[in-house]
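One file, input.pdb, is given below (PDB, C-alpha atoms).
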```pdb
ATOM      1  CA  MET A  19    -114.299-191.728  63.855
ATOM      2  CA  SER A  20    -112.366-191.616  67.100
ATOM      3  CA  ASN A  21    -111.783-195.345  66.679
ATOM      4  CA  LEU A  22    -109.897-194.715  63.454
ATOM      5  CA  ILE A  23    -107.891-191.911  65.038
ATOM      6  CA  ASP A  24    -106.998-194.160  67.995
ATOM      7  CA  ILE A  25    -105.888-196.939  65.677
ATOM      8  CA  GLN A  26    -103.782-194.553  63.573
ATOM      9  CA  SER A  27    -102.178-193.231  66.751
ATOM     10  CA  GLN A  28    -101.401-196.784  67.874
ATOM     11  CA  ILE A  29     -99.912-197.576  64.461
ATOM     12  CA  GLU A  30     -97.680-194.517  64.685
ATOM     13  CA  LYS A  31     -96.511-195.491  68.187
ATOM     14  CA  LEU A  32     -95.860-199.093  67.119
ATOM     15  CA  GLN A  33     -93.900-197.974  64.053
ATOM     16  CA  LYS A  34     -91.745-195.745  66.259
ATOM     17  CA  GLN A  35     -91.195-198.656  68.681
ATOM     18  CA  ALA A  36     -90.252-200.942  65.785
ATOM     19  CA  SER A  37     -87.824-198.340  64.455
ATOM     20  CA  ASP A  38     -86.236-197.941  67.917
ATOM     21  CA  ILE A  39     -85.865-201.723  68.318
ATOM     22  CA  LYS A  40     -84.348-202.021  64.842
ATOM     23  CA  THR A  41     -81.864-199.246  65.639
ATOM     24  CA  ARG A  42     -80.893-200.903  68.940
ATOM     25  CA  GLU A  43     -80.562-204.385  67.474
ATOM     26  CA  PHE A  44     -78.746-203.261  64.331
ATOM     27  CA  ASP A  45     -75.448-202.633  66.111
ATOM     28  CA  LYS A  46     -75.714-205.928  68.002
ATOM     29  CA  THR A  47     -76.428-207.824  64.787
ATOM     30  CA  VAL A  48     -73.495-206.213  62.985
ATOM     31  CA  GLN A  49     -71.209-207.129  65.900
ATOM     32  CA  ASP A  50     -72.459-210.750  65.769
ATOM     33  CA  ILE A  51     -71.802-210.921  62.029
ATOM     34  CA  LEU A  52     -68.327-209.410  62.408
ATOM     35  CA  ALA A  53     -67.496-211.882  65.192
ATOM     36  CA  LYS A  54     -68.548-214.837  63.001
ATOM     37  CA  MET A  55     -66.640-213.455  60.026
ATOM     38  CA  HIS A  56     -63.540-213.147  62.195
ATOM     39  CA  ALA A  57     -63.996-216.646  63.661
ATOM     40  CA  PHE A  58     -64.314-218.265  60.223
ATOM     41  CA  GLY A  59     -61.870-215.977  58.436
ATOM     42  CA  ILE A  60     -64.537-214.633  56.097
ATOM     43  CA  THR A  61     -63.778-211.415  54.226
ATOM     44  CA  VAL A  62     -66.101-209.042  52.404
ATOM     45  CA  LYS A  63     -64.664-210.411  49.149
ATOM     46  CA  ASP A  64     -65.901-213.895  50.142
ATOM     47  CA  LEU A  65     -69.447-212.530  50.320
ATOM     48  CA  GLN A  66     -69.478-211.258  46.742
ATOM     49  CA  PRO A  67     -71.519-213.322  44.246
ATOM     50  CA  GLY A  68     -69.541-215.704  42.081
ATOM     51  CA  LYS A  69     -66.607-215.907  44.468
ATOM     52  CA  ARG A  70     -65.679-219.131  46.199
ATOM     53  CA  ARG A  71     -63.166-219.617  48.962
ATOM     54  CA  GLY A  72     -59.988-221.355  47.894
ATOM     55  CA  THR A  73     -60.442-220.596  44.200
ATOM     56  CA  LYS A  74     -58.152-217.544  44.170
ATOM     57  CA  GLY A  75     -61.008-215.348  42.957
ATOM     58  CA  LYS A  76     -61.853-217.464  39.910
ATOM     59  CA  PRO A  77     -65.542-217.808  39.031
ATOM     60  CA  ALA A  78     -67.061-221.267  39.542
ATOM     61  CA  ALA A  79     -67.139-222.008  35.775
ATOM     62  CA  LYS A  80     -63.387-221.437  35.451
ATOM     63  CA  VAL A  81     -62.746-223.608  38.503
ATOM     64  CA  ALA A  82     -64.780-226.427  36.942
ATOM     65  CA  LYS A  83     -62.927-226.051  33.642
ATOM     66  CA  ALA A  84     -59.569-226.144  35.421
ATOM     67  CA  ALA A  85     -60.667-229.334  37.162
ATOM     68  CA  GLY A  86     -61.168-231.144  33.860
ATOM     69  CA  GLY A  87     -64.390-229.465  32.790
ATOM     70  CA  LYS A  88     -66.559-231.834  34.785
ATOM     71  CA  ARG A  89     -68.808-230.688  37.562
ATOM     72  CA  LYS A  90     -69.869-233.092  40.223
ATOM     73  CA  THR A  91     -73.610-233.642  40.191
ATOM     74  CA  ALA A  92     -75.746-235.593  42.567
ATOM     75  CA  GLY A  93     -77.859-238.360  41.089
ATOM     76  CA  LYS A  94     -79.552-237.725  37.772
ATOM     77  CA  SER A  95     -79.695-233.940  37.837
ATOM     78  CA  GLY A  96     -79.552-232.216  34.503
ATOM     79  CA  GLN A  97     -81.555-234.834  32.635
ATOM     80  CA  VAL A  98     -84.437-233.604  30.530
ATOM     81  CA  VAL A  99     -87.776-235.051  31.577
ATOM     82  CA  ALA A 100     -90.955-235.163  29.497
ATOM     83  CA  ALA A 101     -93.651-232.658  30.399
ATOM     84  CA  LYS A 102     -96.514-233.998  32.518
ATOM     85  CA  TYR A 103     -98.630-230.839  32.698
ATOM     86  CA  ARG A 104     -99.641-228.277  30.071
ATOM     87  CA  GLY A 105    -101.129-224.870  30.805
ATOM     88  CA  PRO A 106    -103.860-223.057  28.889
ATOM     89  CA  ASN A 107    -101.262-220.932  27.050
ATOM     90  CA  GLY A 108     -99.025-223.865  26.122
ATOM     91  CA  GLU A 109     -96.749-223.700  29.182
ATOM     92  CA  THR A 110     -95.380-227.048  30.313
ATOM     93  CA  TRP A 111     -94.059-228.498  33.554
ATOM     94  CA  SER A 112     -92.379-231.846  34.201
ATOM     95  CA  GLY A 113     -93.879-232.220  37.663
ATOM     96  CA  ARG A 114     -90.481-231.911  39.346
ATOM     97  CA  GLY A 115     -89.453-229.128  41.682
ATOM     98  CA  LEU A 116     -91.676-226.239  42.683
ATOM     99  CA  ALA A 117     -94.870-225.780  40.733
ATOM    100  CA  PRO A 118     -94.528-222.941  38.208
ATOM    101  CA  ARG A 119     -96.383-219.680  38.794
ATOM    102  CA  TRP A 120     -98.901-220.323  36.049
ATOM    103  CA  LEU A 121     -99.954-223.590  37.698
ATOM    104  CA  ALA A 122     -99.891-222.220  41.230
ATOM    105  CA  SER A 123    -102.172-219.348  40.232
ATOM    106  CA  LEU A 124    -104.610-221.732  38.523
ATOM    107  CA  ILE A 125    -104.643-224.013  41.584
ATOM    108  CA  ALA A 126    -105.373-220.951  43.730
ATOM    109  CA  THR A 127    -108.476-220.316  41.622
ATOM    110  CA  GLY A 128    -109.835-223.763  42.446
ATOM    111  CA  LYS A 129    -108.436-225.924  39.656
ATOM    112  CA  THR A 130    -106.430-229.081  40.322
ATOM    113  CA  LYS A 131    -103.084-230.196  38.958
ATOM    114  CA  GLU A 132    -104.784-233.148  37.306
ATOM    115  CA  ASP A 133    -106.897-230.745  35.209
ATOM    116  CA  PHE A 134    -103.701-229.877  33.341
ATOM    117  CA  ALA A 135    -102.159-233.348  33.113
ATOM    118  CA  ILE A 136    -101.010-234.347  29.644
ATOM    119  CA  LYS A 137    -102.825-237.506  28.640
ATOM    120  CA  ALA A 138    -100.627-240.412  27.507
ATOM    121  CA  PRO A 139    -101.219-241.421  23.844
TER     122      PRO A 139
END
```
Would you write the structure of this file as structure tokens?
Amino acid sequence: MSNLIDIQSQIEKLQKQASDIKTREFDKTVQDILAKMHAFGITVKDLQPGKRRGTKGKPAAKVAKAAGGKRKTAGKSGQVVAAKYRGPNGETWSGRGLAPRWLASLIATGKTKEDFAIKAP
């Protein structure tokens, strides 16, 4: 029982140490961020989602539309690809990008990706 009490006491001490370190480093981190913001001319408005520098506050979609409605894309992005894998509940995945959660959870249970491969006709 004393082992548990000792461990709980250590946890409490470590949590207090972590809190003290966080408090000490917080001010330093804020100062570093402010210095970088000043050096690059970044404002709080620049950090808001959907805002891009040099667009006069217009959302990205309006900027693209003003530029002729065409967005620059690298390679063949945006093309629809046939599904290569099908899950037990009918979910599909093309095999590109990160594996979806349904497949990752099935792989974690010991299955393989190939177990869910869609067979070519």
Quiz item: So what does the PyMOL selection byres ((chain A and resi 113) around 8) actually pick up in this one, as a ChimeraX atom specification?
Solution: /A:101-103,111-112,114-115,117
Selection from above, C-alpha atoms, as an mmCIF file, in the coordinates of the input, can you write it?
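Final output, saved to again_36.cif:
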```
data_model
loop_
_atom_site.group_PDB
_atom_site.id
_atom_site.type_symbol
_atom_site.label_atom_id
_atom_site.label_comp_id
_atom_site.auth_asym_id
_atom_site.auth_seq_id
_atom_site.Cartn_x
_atom_site.Cartn_y
_atom_site.Cartn_z
ATOM 1 C CA ALA A 101 -93.651 -232.658 30.399
ATOM 2 C CA LYS A 102 -96.514 -233.998 32.518
ATOM 3 C CA TYR A 103 -98.630 -230.839 32.698
ATOM 4 C CA TRP A 111 -94.059 -228.498 33.554
ATOM 5 C CA SER A 112 -92.379 -231.846 34.201
ATOM 6 C CA ARG A 114 -90.481 -231.911 39.346
ATOM 7 C CA GLY A 115 -89.453 -229.128 41.682
ATOM 8 C CA ALA A 117 -94.870 -225.780 40.733
#
```
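Picture a line from CA of Ser27 (chain A) to CA of Lys46 (chain A); it runs 29.4 Å.
Atom pair CA of Gly105 (chain A) / CA of Leu121 (chain A) has a distance of 7.1 Å (rounded to one decimal).
For the pair CA of Lys34 (chain A) and CA of Val48 (chain A), the interatomic distance is 21.3 Å.
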Quiz prompt | Pick from A:Asp64, A:Ile39, A:Ala122, A:Phe134 nearest to Arg104 (chain A), counting all atoms listed in the file | solution = A:Phe134
Practice problem: Find the residue from A:Ser37, A:Lys131, A:Lys54, A:Leu22 that sits nearest to Pro118 (chain A); use all atoms listed in the file when measuring. | Solution: A:Lys131
